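What follows is one structure encoded as structure tokens, with my remarks underneath.
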Protein chains: 6
Amino acid sequence: MPTIRVELFEGRTAEQKRAFAKAVTEATVQTLGGSADSVDILFFDVKPQDWATGGMLWSDPRPAKS
Amino acid sequence: MPTIRVELFEGRTAEQKRAFAKAVTEATVQTLGGSADSVDILFFDVKPQDWATGGMLWSDPRPAKS
Amino acid sequence: MPTIRVELFEGRTAEQKRAFAKAVTEATVQTLGGSADSVDILFFDVKPQDWATGGMLWSDPRPAKS
Amino acid sequence: MPTIRVELFEGRTAEQKRAFAKAVTEATVQTLGGSADSVDILFFDVKPQDWATGGMLWSDPRPAKS
Amino acid sequence: MPTIRVELFEGRTAEQKRAFAKAVTEATVQTLGGSADSVDILFFDVKPQDWATGGMLWSDPRPAKS
Amino acid sequence: MPTIRVELFEGRTAEQKRAFAKAVTEATVQTLGGSADSVDILFFDVKPQDWATGGMLWSDPRPAKS
């Protein structure tokens with residue numbers, strides 16, 4: 001019955017999400033128990049201009065770390 | 001003051017969402033109390049390739065149940 | 001397949017949540033289609049000191065509206 | 001380490017989100033402590049037809065308050 | 001940078017969550033790319049009386065399937 | 001109308017959340033527009049054993065960076 005939400009930068013392919021869903025569902029069953037059919041996974045693509053870390057949008061150029 | 005989030009497969013019409021919002025707001029007031037104005041409902045359309053159950057994306061063909 | 005999350009002030013009884021779940025599931029099937037078994041509803045109790053509106057926690061006294 | 005999710009009506013510019021991210025990250029560090037780098041902010045644009053208050057979609061005309 | 005939220009019935013041990021976090025982080029890096037350090041996972045324990053499927057709380061007895 | 005959710009490690013005081021709510025609501029109005037009354041903020045306290053980064057729970061000792 002776990003429901004898993006994944007927020008990630010847009011741009012991953014359906015093939016990548018398919019592989020993620022398969023691997024994470026297996027990992028869920030192995031570590032938390034329950035059946036694979038009870039595992040729901042939802043992907044939410046986020047644009048770089050909609051995600052900020054350290055007060056800066058990821059669509060903006062980040063200063064080089066010195 | 002309840003805030004209600006609904007994740008559903010994309011494709012429902014505005015008319016369906018309008019009917020849902022009206023019916024669910026009424027059900028909320030009747031069962032939880034409070035005023036209708038305090039009920040917020042947000043819809044999040046999800047593509048079939050962004051939802052997996054049992055480790056398979058809903059955009060992929062599912063094996064027939066035997 | 002809709003998944004419905006409800007954030008509400010703590011204090012509602014199991015009976016109220018039971019009635020809400022029943023009524024909202026029926027409303028979902030009637031307005032969005034699909035089967036009742038595909039409707040998941042999750043409740044998240046929120047304390048008044050963990051919810052702010054207008055910049056004020058609900059656990060704090062609110063000024064009277066004049 | 002706070003993660004902050006913001007659901008807002010679509011239509012705000014990148015400049016507005018940039019200013020929000022900067023101001024809210026600073027406010028977070030000042031009031032909750034921690035470093036700016038540990039603050040993540042995600043924006044979720046919501047269409048008016050996907051948000052209902054009082055049982056009515058925001059894309060629908062609202063009756064005038066008398 | 002993926003952020004992963006897991007809603008699950010309460011009762012899993014720290015050891016189970018530890019194993020889940022390790023396995024899912026590895027699966028994320030392998031299928032989506034990026035570094036392990038950029039993967040955040042949050043667990044939300046849900047009580048059976050706060051989760052309903054098919055209009056029934058999981059804390060209530062479910063009719064036997066015939 | 002923005003709704004803001006904040007996930008943070010448990011342990012912040014009501015005074016800190018009060019200050020956060022006030023400052024973030026002001027920042028929201030200044031940068032996104034709208035009225036303060038339309039800004040909702042919800043706090044979700046997360047235990048260190050329910051948050052993992054880099055595949056490790058925050059309740060576990062982290063290896064020193066060399």
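The way I read the labels, and the way they are meant: chains A, B, ... in the order of the structure tokens, residue 1 as the first residue of every chain, and ligand 1 as the first ligand shown, with later ones counted on from there.
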
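Across chain B, DSSP run on the backbone finds helix (DSSP H, G or I) at Ala14, Glu15, Gln16, Lys17, Arg18, Ala19, Phe20, Ala21, Lys22, Ala23, Val24, Thr25, Glu26, Ala27, Thr28, Val29, Gln30, Thr31, Leu32, Ala36, Asp37, Ser38, Pro48, Gln49 and Asp50 of chain B.
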
Next, write the just-selected residues to a file, as a short mmCIF file (atom, residue, chain, number, x, y, z; two decimals), in the first residue's frame, keeping C-alpha atoms as the atom set.
data_model
loop_
_atom_site.label_atom_id
_atom_site.label_comp_id
_atom_site.auth_asym_id
_atom_site.auth_seq_id
_atom_site.Cartn_x
_atom_site.Cartn_y
_atom_site.Cartn_z
CA ALA B 14 -13.91 20.66 -16.73
CA GLU B 15 -17.54 19.58 -16.36
CA GLN B 16 -16.47 16.47 -14.45
CA LYS B 17 -14.13 18.44 -12.21
CA ARG B 18 -16.87 21.02 -11.61
CA ALA B 19 -19.30 18.31 -10.56
CA PHE B 20 -16.65 16.67 -8.37
CA ALA B 21 -15.81 19.94 -6.65
CA LYS B 22 -19.45 20.65 -5.90
CA ALA B 23 -20.27 17.17 -4.64
CA VAL B 24 -17.11 16.74 -2.58
CA THR B 25 -17.42 20.17 -1.00
CA GLU B 26 -20.98 19.34 0.05
CA ALA B 27 -19.87 15.97 1.40
CA THR B 28 -17.07 17.66 3.32
CA VAL B 29 -19.37 20.16 5.00
CA GLN B 30 -21.87 17.44 5.87
CA THR B 31 -19.38 15.01 7.35
CA LEU B 32 -16.59 17.18 8.75
CA ALA B 36 -18.09 25.46 2.14
CA ASP B 37 -15.92 28.53 1.63
CA SER B 38 -13.19 26.96 3.73
CA PRO B 48 -0.43 7.34 -17.69
CA GLN B 49 3.34 7.27 -18.29
CA ASP B 50 3.81 9.06 -14.96
#

Name all residues at most 10 Å from C:Asp45 (count only C-alpha atoms; drop same-chain ones fewer than 6 positions away) and give them as JSON, numbers by chain.
-> {"B": [2], "C": [6, 7, 8, 9, 10, 11, 12], "E": [50]}

May I ask you to extract the residues of chain E within 12 Å of chain D, using only C-alpha atoms, and to give them as number ranges by chain?
-> E: 1-5, 38, 40-42

Kindly give the distance, in Å, that separates atom CA of B:Ser35 and atom CA of E:Met56, rounded to a single decimal.
-> 24.6 Å

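Pairwise distance (atom CA of A:Gly34, atom CA of F:Trp58) equals 25.3 Å.
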
Go ahead and compute the interatomic distance for atom CA of E:Leu57 and atom CA of D:Val46, in Å to one decimal.
-> 29.8 Å
